[in-house]
Amino acid sequence: MSLPVININISYDDEREKIQDFLSNFVSPEKDLDRRFADIGISDAEDEDQSSRGRTMKYMDQLQRIANREQQMLTIDLEDISQHEKNVAELVARIINNGRRYVMLFSEVVDKLMPLPTKDISDQDEVIDVILHQRRERNEQTEGTQDGFPKHLLRRYNLYFQPLRSDIAMAVRDVKGVNLGKVITVRGIVTRVSEVKPLLLVNAYTCDVCGSETFQDISNKSFTPIADCQNESECKKNNIRGSLHMQTRACRFSPFQEVKIQEMADQVPVGHIPRSMTVHVHGNLTRMMNPGDVVHLGGIFLPIPYTGFQAIRAGLLTDTYLEVHHINQLKKQYSDMEVTPQIQRDIDELKVDPSLYNKLAQSIAPEIYGHMDVKKALLLLLVGGVTKTMGDGMKIRGDLNVCLMGDPGVAKSQLLKYISKIAPRGVYTTGKGSSGVGLTAAVMRDPVTDEMVLEGGALVLADNGICCIDEFDKMEESDRTAIHEVMEQQTISISKAGISTTLNARTSILAAANPLYGRYNPKVSPVDNINLPAALLSRFDLLFLILDKPNRDDDERLAQHVTYVHMYNTHPKLEYEPVDPLLMRHYIAQARQRRPTVPPQVSSYIVDSYVRLRKLSKDEEEQKKSHSYTSARTLLGVLRLAQALARLRFSDSVEHADVDEALRLMECSKESLNDEEDKEYEPDRSAVSQIFRLIKGMARRGGRKPKRQRRLGKGPGGQRDRYDDSDDDENSDELPLIDIRSRILGAGYTEAQLHETIVEYEALDVWIRVANGAKIRFMDNVS
């Protein structure tokens, strides 16, 4: 019984001619267009001659650089082949269907077209270049005989195919058997990256009798070395069986790296676990991926048989892998993002927008109603403060940590999901589904080298990004302790299975938790409701308690907002047009490049504010009303928030308004923890009352109130604060309207709300406008 045979009418000689025509004659469209613009104004007589001299051959130029040892990577763009002449266009479909074969065909044509080097070999070149140069000279001397070196041994380049731009990236679970041998594009997140090892491609042997060289192509993981000399001229002629010895210097190696990619969370059906794929990276593409990167990988999907003990267990099964030819980083780090001229123009417009702070805050999850202070805190979380490293190696954290705690149904998880998508490296996980090892790092055995390696967890994958942890209160206590070191030191120390190391985890933690009783119980204290250890709570810069309190007006607005989103599949019309997430990401990327400093006058103001907070905290403890602890971490939190606000303005120094806003967010965080039974201390939440409290705070902190309300503060050197001078003039109770306007607009309120506040409290004789309306003077009845 004979197997059926299918004849495919493809002549590979014709294919080589098409490939040679393409490589020899393709002109880069971009460079050709640039040349045409440069040639404007040349006379018609010179035009034809100039055109012939100015043509830029994209691939022939690259081959010349490869011959001169200046380039090692030759990428064939399939878009170029499809744009070339009609007779070559069908090559694209054949390459996609049989990628491995066409890598060999292209390599053979490139060997044939390779020009002579225009740069001589020197002692500055690598050893392999010198060996290859000597082999080429030997081939030229022995041309026409069988003593020459094989062509693939003289290649000093790696050939890759770049997929078409129109290719849709597949999920890992969508890659099936029909894709074997084809060029495909797969989307996933990198979970493990092995070390770079040399992979043997061609093995070289020397005979100990006749001295001849023998070469063996290696195409699999395992191979059987050749033991006896195969040279017909000496050994076989004399009936001598010479032994072959491996010569490492004469072999051909390639850098090799094995990578594991996993499906994205949005590609996994309900009830399934994410699938992973083995990826092999060769040559110049190694070291281009790190754990946590979201990538589109273009390459050839191939089978590979199991070897060794795995083959005995697997039986007839084979494994599959993706041989990578092109890497496209989707979620690049902030420093690697590419800015187009249009995006740069939009960023420049945003910089000069007076309501920038409020507009960016409203642009965070605009479909979610309210939570303005929480959204402002999340915006500052994305920007972050300045991380500083001292001369002795001590590091001061700049990343912010925020915890959102509240009743079910206040959109905590939706906010976390949105932040994880907008951050360049955002990892979303839940407390119940994350173990301590899954958050930090797991020790496992590498399947390639069989040695113990570390596989990074969620916090390592979110390095230089944000780790969003939902259901924070459901975590086991032993697992929650793994986060303590990350939140303050931003490192993970591992000492297990003979591996003792420290991993970087420079990440911001955004946690969401429910109260102990499911819903907030107003009959017990906030400490009993929160049920998190004080050592962990002190590491959060801001802790917001979001409560779902019944209120006729608020409930009606919320219901209208939610139903509008469901009806029209978009958010209602907002006060500002929301900023596009891509533009926001680029704006934050440029803002994070700033490193604002704190001037001396602002420093003394921060010191004085911290002393006041400590005194308030002590008084609350004595009155048994303290629900939070003010420590040196609170001071660092104020500094980080103020630096983030200065970064948002693209400023190189922190101003008083930044510190005021940081203190206001701290105050909002504390007010949310107030006992619900203590209604006497619950402030009015209307915009007019909040603006009045800001203006009153400016007067109090600025020392511009009546003398009976003056507070004497001490600076770092023991000197008196400059605003608390006892020699105030008679107009010390006046505030310039321009300062008030800058502060109120910076806090996110509008001109109309400020005007309404001024008019309303002027009618109550709290203040009057003086100096033709340029200043506000407090009356004596202000307490």
# chains A, B, ... in the order shown; residues from 1 in each chain; ligands from 1
>>> residues_around(residues="Thr340 in chain A", least_positions_apart="4", cutoff="12 Å", atoms="only C-alpha atoms", output="mmCIF file with C-alpha atoms, in the first residue's frame")
data_model
loop_
_atom_site.group_PDB
_atom_site.id
_atom_site.type_symbol
_atom_site.label_atom_id
_atom_site.label_comp_id
_atom_site.auth_asym_id
_atom_site.auth_seq_id
_atom_site.Cartn_x
_atom_site.Cartn_y
_atom_site.Cartn_z
ATOM 1 C CA GLN A 344 2.754 66.510 20.791
ATOM 2 C CA ARG A 345 0.499 69.374 19.641
ATOM 3 C CA ASP A 346 -2.348 68.063 21.799
ATOM 4 C CA ILE A 347 0.001 67.788 24.794
ATOM 5 C CA LEU A 582 -3.831 57.392 24.609
ATOM 6 C CA LEU A 583 -3.233 61.148 24.898
ATOM 7 C CA HIS A 586 1.549 60.243 26.599
#
>>> select_by_dssp(residues="range 207-404 of chain A", states="strand (DSSP E or B)", output="number ranges by chain")
A: 207, 213-217, 228, 243-246, 252-262, 276-282, 294-305, 318-329, 388-389, 395-396, 402-404
>>> closest_residue(among="A:Ile8, A:Val196, A:Ala535, A:Met698", to="Met288 in chain A", atoms="only C-alpha atoms")
A:Val196
>>> residues_around(residues="Leu415 in chain A", least_positions_apart="5", cutoff="10 Å", atoms="only C-alpha atoms", output="VMD selection string")
chain A and resid 364 to 365 368 374 to 375 378 404 410 420 468 510 512
>>> write_last_selection(atoms="C-alpha atoms", output="mmCIF file, in the first residue's frame")
data_model
loop_
_atom_site.group_PDB
_atom_site.id
_atom_site.type_symbol
_atom_site.label_atom_id
_atom_site.label_comp_id
_atom_site.auth_asym_id
_atom_site.auth_seq_id
_atom_site.Cartn_x
_atom_site.Cartn_y
_atom_site.Cartn_z
ATOM 1 C CA ILE A 364 -10.538 58.761 34.373
ATOM 2 C CA ALA A 365 -13.458 56.331 33.871
ATOM 3 C CA ILE A 368 -18.507 56.097 36.498
ATOM 4 C CA VAL A 374 -10.913 59.587 44.378
ATOM 5 C CA LYS A 375 -10.289 60.168 40.661
ATOM 6 C CA LEU A 378 -5.844 58.041 41.039
ATOM 7 C CA LEU A 404 -10.200 52.261 48.249
ATOM 8 C CA VAL A 410 -19.594 51.889 44.445
ATOM 9 C CA SER A 420 -4.730 48.780 34.996
ATOM 10 C CA CYS A 468 -4.177 46.649 41.159
ATOM 11 C CA LEU A 510 -3.827 50.278 44.223
ATOM 12 C CA ALA A 512 -9.744 47.823 46.891
#
>>> residues_around(residues="Asp463 in chain A", least_positions_apart="4", cutoff="6 Å", atoms="only C-alpha atoms", output="ChimeraX atom specification")
/A:505-507
>>> select_by_dssp(residues="range 78-272 of chain A", states="helix (DSSP H, G or I)", output="ChimeraX atom specification")
/A:78-83,86-89,91-97,99-113,127-141,151-153,172-174,177-179,248-250,265-267
>>> closest_residue(among="A:Met60, A:Val109, A:Leu78, A:Ile10", to="Ile96 in chain A", atoms="only C-alpha atoms")
A:Leu78
>>> residues_around(residues="range 170-174 of chain A", least_positions_apart="2", cutoff="6 Å", atoms="only C-alpha atoms", output="ChimeraX atom specification")
/A:186-187,263
>>> write_last_selection(atoms="all heavy atoms", output="short mmCIF file (atom, residue, chain, number, x, y, z; two decimals), in the first residue's frame")
data_model
loop_
_atom_site.label_atom_id
_atom_site.label_comp_id
_atom_site.auth_asym_id
_atom_site.auth_seq_id
_atom_site.Cartn_x
_atom_site.Cartn_y
_atom_site.Cartn_z
N VAL A 186 0.72 36.34 17.22
CA VAL A 186 0.08 35.93 18.47
C VAL A 186 0.21 37.05 19.48
O VAL A 186 1.26 37.70 19.58
CB VAL A 186 0.70 34.62 19.03
CG1 VAL A 186 -0.03 34.18 20.28
CG2 VAL A 186 0.64 33.53 17.98
N ARG A 187 -0.87 37.28 20.25
CA ARG A 187 -0.87 38.31 21.28
C ARG A 187 -0.85 37.65 22.65
O ARG A 187 -1.52 36.65 22.88
CB ARG A 187 -2.12 39.18 21.15
CG ARG A 187 -2.28 40.23 22.24
CD ARG A 187 -3.44 41.16 21.90
NE ARG A 187 -3.65 42.16 22.93
CZ ARG A 187 -4.71 42.21 23.71
NH1 ARG A 187 -5.65 41.28 23.60
NH2 ARG A 187 -4.86 43.15 24.60
N GLU A 263 -2.05 33.98 27.69
CA GLU A 263 -3.19 34.73 27.19
C GLU A 263 -3.49 35.94 28.06
O GLU A 263 -3.27 35.92 29.27
CB GLU A 263 -4.44 33.84 27.19
CG GLU A 263 -4.51 32.87 26.05
CD GLU A 263 -5.80 32.07 26.11
OE1 GLU A 263 -6.04 31.43 27.15
OE2 GLU A 263 -6.54 32.09 25.14
#
>>> atom_distance(atom1="CA of Asp608 in chain A", atom2="CA of Leu639 in chain A")
13.2 Å
>>> closest_residue(among="A:Leu159, A:Leu547, A:Ile343, A:Cys251", to="Ile76 in chain A", atoms="only C-alpha atoms")
A:Leu159
>>> atom_distance(atom1="CA of Gly637 in chain A", atom2="CA of Phe650 in chain A")
19.9 Å
>>> residues_around(residues="range 217-228 of chain A", least_positions_apart="5", cutoff="10 Å", atoms="only C-alpha atoms", output="list in words")
His152, Leu153, Leu199, Leu200, Leu201, Val202, Asn203, Ala204, Tyr205, Cys207, Cys235, Ile240, Arg241, Gly242, Ser243, Leu244, His245, Met246, Arg252, Ile304, Pro305, Tyr306, Thr307, Gly308 and Val448 of chain A
>>> closest_atom_pairs(of="range 257-318 of chain A", to="range 451-457 of chain A", cutoff="12 Å", atoms="only C-alpha atoms", output="JSON lines")
{"residue": "A:Val259", "atom": "CA", "partner": "A:Glu455", "partner_atom": "CA", "distance": 11.4}
{"residue": "A:Lys260", "atom": "CA", "partner": "A:Glu455", "partner_atom": "CA", "distance": 10.4}
{"residue": "A:Asn290", "atom": "CA", "partner": "A:Gly456", "partner_atom": "CA", "distance": 10.4}
{"residue": "A:Pro291", "atom": "CA", "partner": "A:Gly456", "partner_atom": "CA", "distance": 7.2}
{"residue": "A:Gly292", "atom": "CA", "partner": "A:Gly456", "partner_atom": "CA", "distance": 8.8}
>>> write_last_selection(atoms="N, CA, C and O atoms", output="CSV table (one decimal), in the first residue's frame")
chain,number,residue,atom,x,y,z
A,259,VAL,N,11.0,31.8,25.8
A,259,VAL,CA,10.1,32.7,26.5
A,259,VAL,C,8.8,32.1,26.6
A,259,VAL,O,8.4,31.3,25.7
A,260,LYS,N,8.0,32.3,27.7
A,260,LYS,CA,6.7,31.8,27.9
A,260,LYS,C,5.7,33.0,27.8
A,260,LYS,O,5.9,34.0,28.5
A,290,ASN,N,10.8,41.4,28.5
A,290,ASN,CA,10.9,41.2,29.9
A,290,ASN,C,9.6,40.7,30.4
A,290,ASN,O,8.5,41.0,29.8
A,291,PRO,N,9.6,40.0,31.6
A,291,PRO,CA,8.3,39.6,32.2
A,291,PRO,C,7.4,40.8,32.4
A,291,PRO,O,7.8,41.8,32.9
A,292,GLY,N,6.1,40.6,32.0
A,292,GLY,CA,5.2,41.7,32.2
A,292,GLY,C,4.9,42.5,30.9
A,292,GLY,O,3.9,43.2,30.9
